[in-house]
Number of protein chains: 2
Amino acid sequence: MREEISEQFRALQLHITEKLERMDALGKFHEDSWTRSEGGGGFTRVIKNGAILEKGGVAFSAVHGDVSDDMKQQLQMEGASFFATGVSIVLHPKHPRHPIMHMNVRYFELDSGEYWFGGGIDMTPHYVDKSKAMLFHRSLKEVCDRHHPAFYKEFKPWADRYFFLPHRGETRGIGGIFYDHKNEQNTGLSKTALLHFSIALGELFPVVYSEQVNFNELTEPTIEEKQWQALRRGRYVEFNLLHDKGTKFGIYSGGRTESILMSMPPEANWEYDYTPTSDSEEEATLNILKTIPDWISQ
Amino acid sequence: MREEISEQFRALQLHITEKLERMDALGKFHEDSWTRSEGGGGFTRVIKNGAILEKGGVAFSAVHGDVSDDMKQQLQMEGASFFATGVSIVLHPKHPRHPIMHMNVRYFELDSGEYWFGGGIDMTPHYVDKSKAMLFHRSLKEVCDRHHPAFYKEFKPWADRYFFLPHRGETRGIGGIFYDHKNEQNTGLSKTALLHFSIALGELFPVVYSEQVNFNELTEPTIEEKQWQALRRGRYVEFNLLHDKGTKFGIYSGGRTESILMSMPPEANWEYDYTPTSDSEEEATLNILKTIPDWISQ
């Protein structure tokens, strides 16, 4: 069934990039393929300088091989050989009033026969718009509910815990859903049903992204908005390089660096001890990132 | 002797910032002090928008407390309580033809009575100038040689191994020296002599930085030079957040985030799969970073 899963993931990647190109109307994805000397490879599709998307990537990979010592140590996994396939997305929009958004769906298998699915979607607005945050969570809950009544309730707080920067005491954004190590035993869903859930999440991605975009004429961002966006992009880098398990897995399993780090933003900035002006929109966003709102029943 | 070491380190910080202010002639260091709830604290001195230095920090800290589970796991250290003091510097120059430079000297002690010194200086030019790289290494070797005949020979390759980005197959710059876990047993030098070596290295820092700066009128950087600088700053971020043990120690020992991440650059950039034009200066620099030159006997 490995082949079926990776074929469906590859088709999902093509579906998503087609939808995103249609949304952007200007930018086009460029595809690179790569192979991994230890086994497998992938296709990385990257867009830049679009009308909406400044830099974004939608990556597919299917890799296999021996579990290396680095993987054992860094990822605390047991087993002799593995197979992993997935689709990962990070979009960095041009306009600070549009959000960064991330999605990942993945399937993992060990030679022992053990397998699991993982994934999630989360949103990082530079400026939190509460009604847009609620809309985003409602869409995620709807897809979760269609597949399992307990998923949203379990996966929403999981995202809140996962997408958290302990050294900042902030979440990376307004969360979303996150799950890992899900199989038939712990969900009651067959492998096929779990695959369907992964595909449904992937297909939801371009829909929820488009819902966040203001297609009417947006005013030109101010210098303050662009500066704030650059600082928030810096935080995004901190999360991905210090904490993100997907990035670590990629780096330590000998993945293709450019495909893993396609998640890095353009034009990030760090300013020592930056504090937003009081009562500013920047301060309001930071305050929300220091709390964990329930975005459904607000 | 803890107090003597931390007092000398604090004096070293003041000496270095005074020298750097004199060199920059425009920028001034601003000082923040902080305390750590578990014990100790520090002074962080930051400069920005100077004539030479776009962003730089010189941090002093002296912290103590219990060895936490996070520290044990992340730093593989044994012991119940610790004391750590040090001075750390990272300078990001405005002009792409000036180098990023880093220095750290530190002293660590466990409740068992075990102690050690560590530190180093390394240079990350955006564009490698071979004669400047040689000058830098000769200055480091001279100070090493004055304290121990074997130091440079041991610490230069240690820096080459340490300041390496395995996922890029590149060194972060042209190296320098790096050492750790040095005490009387493994060097034959007394604690006082090792402290003198740390102070000598620290005092060398503003001297070797000034040697790299072109104080004659530098031409305005081109767009290509600024773009390349931003990409190299991105690599610097990757090293510090993915690999640097000092950053990890700070983050996991509950250090002050803004003081630890003062090393982050302004205006960093990531471009997917960037390849320099062939026969360009950018390509020449990258090629040098993929080798480990002996900068003394070239």
# chains A, B, ... in the order shown; residues from 1 in each chain; ligands from 1
>>> residues_around(residues="Val90 in chain B", least_positions_apart="2", cutoff="8 Å", atoms="only C-alpha atoms", output="number ranges by chain")
B: 56-58, 88, 92, 100-103, 262-263
>>> interface_residues(of="chain B", to="chain A", cutoff="10 Å", atoms="only C-alpha atoms", output="ChimeraX atom specification")
/B:32,46-48,55-57,166-168,230-231,234,237-243,247-248,250-252,254-259,261-274
>>> residues_around(residues="Glu281 in chain B", least_positions_apart="6", cutoff="12 Å", atoms="only C-alpha atoms", output="list of chain:residue names")
B:Arg97, B:His126, B:Tyr127, B:Val128, B:Asp129, B:Glu224, B:Glu225, B:Trp228, B:Asn287, B:Ile288
>>> atom_distance(atom1="CA of Lys141 in chain A", atom2="CA of Ala25 in chain A")
28.7 Å
>>> select_by_dssp(residues="range 151-274 of chain A", states="strand (DSSP E or B)", output="list of chain:residue names")
A:Phe164, A:Leu165, A:Glu170, A:Thr171, A:Gly176, A:Ile177, A:Phe178, A:Tyr179, A:Asp180, A:His181, A:Lys182, A:Ala268
>>> write_last_selection(atoms="N, CA and C atoms", output="PDB file, in the first residue's frame")
ATOM      1  N   PHE A 164       4.685  26.020  19.643  1.00  0.00           N
ATOM      2  CA  PHE A 164       4.928  26.900  20.775  1.00  0.00           C
ATOM      3  C   PHE A 164       6.426  27.159  20.877  1.00  0.00           C
ATOM      4  N   LEU A 165       6.797  28.413  21.118  1.00  0.00           N
ATOM      5  CA  LEU A 165       8.208  28.768  21.294  1.00  0.00           C
ATOM      6  C   LEU A 165       8.449  29.006  22.782  1.00  0.00           C
ATOM      7  N   GLU A 170       5.515  32.275  23.558  1.00  0.00           N
ATOM      8  CA  GLU A 170       4.507  32.612  22.540  1.00  0.00           C
ATOM      9  C   GLU A 170       4.202  31.385  21.690  1.00  0.00           C
ATOM     10  N   THR A 171       2.956  31.315  21.180  1.00  0.00           N
ATOM     11  CA  THR A 171       2.675  30.363  20.108  1.00  0.00           C
ATOM     12  C   THR A 171       3.172  30.972  18.797  1.00  0.00           C
ATOM     13  N   GLY A 176      -4.056  25.570  14.941  1.00  0.00           N
ATOM     14  CA  GLY A 176      -4.721  24.813  13.898  1.00  0.00           C
ATOM     15  C   GLY A 176      -4.881  23.409  14.436  1.00  0.00           C
ATOM     16  N   ILE A 177      -4.453  22.429  13.663  1.00  0.00           N
ATOM     17  CA  ILE A 177      -4.464  21.058  14.175  1.00  0.00           C
ATOM     18  C   ILE A 177      -3.109  20.414  13.921  1.00  0.00           C
ATOM     19  N   PHE A 178      -2.768  19.472  14.766  1.00  0.00           N
ATOM     20  CA  PHE A 178      -1.523  18.714  14.638  1.00  0.00           C
ATOM     21  C   PHE A 178      -1.776  17.326  15.211  1.00  0.00           C
ATOM     22  N   TYR A 179      -1.247  16.300  14.543  1.00  0.00           N
ATOM     23  CA  TYR A 179      -1.380  14.927  15.058  1.00  0.00           C
ATOM     24  C   TYR A 179      -0.199  14.112  14.598  1.00  0.00           C
ATOM     25  N   ASP A 180       0.046  13.004  15.287  1.00  0.00           N
ATOM     26  CA  ASP A 180       1.176  12.151  14.923  1.00  0.00           C
ATOM     27  C   ASP A 180       0.917  10.740  15.448  1.00  0.00           C
ATOM     28  N   HIS A 181       1.627   9.781  14.876  1.00  0.00           N
ATOM     29  CA  HIS A 181       1.564   8.387  15.340  1.00  0.00           C
ATOM     30  C   HIS A 181       0.129   7.854  15.376  1.00  0.00           C
ATOM     31  N   LYS A 182      -0.664   8.180  14.369  1.00  0.00           N
ATOM     32  CA  LYS A 182      -2.045   7.703  14.316  1.00  0.00           C
ATOM     33  C   LYS A 182      -2.134   6.487  13.395  1.00  0.00           C
ATOM     34  N   ALA A 268      13.792  38.194   6.503  1.00  0.00           N
ATOM     35  CA  ALA A 268      13.497  38.123   7.940  1.00  0.00           C
ATOM     36  C   ALA A 268      14.410  39.098   8.680  1.00  0.00           C
TER      37      ALA A 268
END
>>> residues_around(residues="Leu189 in chain A", least_positions_apart="4", cutoff="12 Å", atoms="only C-alpha atoms", output="list in words")
Trp116, Phe117, His147, His148, Pro149, Ala150, Phe151, Lys182, Asn183, Glu184, Gln185, Ala193, Leu194, Leu195, His196 and Phe197 of chain A
>>> write_last_selection(atoms="N, CA and C atoms", output="compact mmCIF listing (two decimals), in the first residue's frame")
# COMPACT_ATOMS: atom_id res chain seq x y z
N TRP A 116 2.37 4.65 10.87
CA TRP A 116 1.51 5.72 11.38
C TRP A 116 1.39 6.88 10.41
N PHE A 117 0.33 7.66 10.63
CA PHE A 117 0.11 8.90 9.89
C PHE A 117 0.33 10.08 10.84
N HIS A 147 -14.40 12.99 9.59
CA HIS A 147 -13.62 11.75 9.64
C HIS A 147 -13.61 11.07 11.00
N HIS A 148 -13.70 11.86 12.06
CA HIS A 148 -13.68 11.25 13.40
C HIS A 148 -14.18 12.30 14.40
N PRO A 149 -15.17 11.95 15.22
CA PRO A 149 -15.75 12.94 16.12
C PRO A 149 -14.76 13.50 17.15
N ALA A 150 -13.68 12.75 17.43
CA ALA A 150 -12.75 13.20 18.48
C ALA A 150 -11.53 13.94 17.95
N PHE A 151 -11.36 13.96 16.62
CA PHE A 151 -10.10 14.49 16.07
C PHE A 151 -9.86 15.97 16.41
N LYS A 182 -0.66 8.18 14.37
CA LYS A 182 -2.05 7.70 14.32
C LYS A 182 -2.13 6.49 13.39
N ASN A 183 -2.73 5.41 13.94
CA ASN A 183 -2.92 4.20 13.14
C ASN A 183 -4.27 3.57 13.51
N GLU A 184 -4.49 2.37 13.01
CA GLU A 184 -5.79 1.73 13.22
C GLU A 184 -6.05 1.49 14.71
N GLN A 185 -5.00 1.02 15.42
CA GLN A 185 -5.17 0.71 16.86
C GLN A 185 -5.66 1.90 17.67
N ALA A 193 -8.94 4.73 5.57
CA ALA A 193 -9.71 5.87 6.11
C ALA A 193 -8.75 6.96 6.61
N LEU A 194 -7.63 6.56 7.19
CA LEU A 194 -6.64 7.56 7.64
C LEU A 194 -6.00 8.27 6.45
N LEU A 195 -5.78 7.52 5.38
CA LEU A 195 -5.26 8.14 4.16
C LEU A 195 -6.27 9.16 3.62
N HIS A 196 -7.56 8.78 3.63
CA HIS A 196 -8.59 9.71 3.16
C HIS A 196 -8.58 11.00 3.98
N PHE A 197 -8.38 10.86 5.28
CA PHE A 197 -8.32 12.05 6.14
C PHE A 197 -7.13 12.93 5.73
>>> closest_residue(among="B:Glu7, B:Glu142, B:Glu217, B:Glu283", to="Phe60 in chain B", atoms="only C-alpha atoms")
B:Glu7
>>> atom_distance(atom1="CA of Gly169 in chain B", atom2="CA of Arg235 in chain B")
11.6 Å
>>> select_by_dssp(residues="range 57-246 of chain A", states="alpha helix (DSSP H)", output="MDAnalysis selection string")
chainID A and resid 69:75 130:147 151:162 184:187 191:212 223:238 245:246
>>> residues_around(residues="Ser37 in chain A", least_positions_apart="4", cutoff="12 Å", atoms="only C-alpha atoms", output="list in words")
Gly41, Gly42, Val63, His64, Gly65, Asp66, Ser253, Gly254, Gly255 and Arg256 of chain A
>>> write_last_selection(atoms="N, CA and C atoms", output="compact mmCIF listing (two decimals), in the first residue's frame")
# COMPACT_ATOMS: atom_id res chain seq x y z
N GLY A 41 13.34 9.78 -3.08
CA GLY A 41 13.56 11.13 -3.57
C GLY A 41 12.29 11.94 -3.49
N GLY A 42 12.21 12.99 -4.32
CA GLY A 42 11.02 13.82 -4.23
C GLY A 42 10.94 14.86 -5.33
N VAL A 63 10.82 8.58 0.74
CA VAL A 63 12.18 8.12 0.95
C VAL A 63 12.18 6.85 1.80
N HIS A 64 13.23 6.07 1.63
CA HIS A 64 13.33 4.84 2.42
C HIS A 64 14.80 4.52 2.63
N GLY A 65 15.06 3.65 3.58
CA GLY A 65 16.46 3.28 3.83
C GLY A 65 16.65 2.83 5.25
N ASP A 66 17.91 2.72 5.62
CA ASP A 66 18.24 2.27 6.98
C ASP A 66 18.00 3.40 7.97
N SER A 253 17.90 12.90 8.59
CA SER A 253 17.71 11.67 7.81
C SER A 253 18.35 11.85 6.43
N GLY A 254 19.16 12.89 6.29
CA GLY A 254 19.87 13.10 5.02
C GLY A 254 18.94 13.53 3.91
N GLY A 255 17.89 14.26 4.24
CA GLY A 255 16.98 14.78 3.21
C GLY A 255 17.66 15.88 2.42
N ARG A 256 16.98 16.37 1.40
CA ARG A 256 17.57 17.42 0.56
C ARG A 256 17.38 18.77 1.24
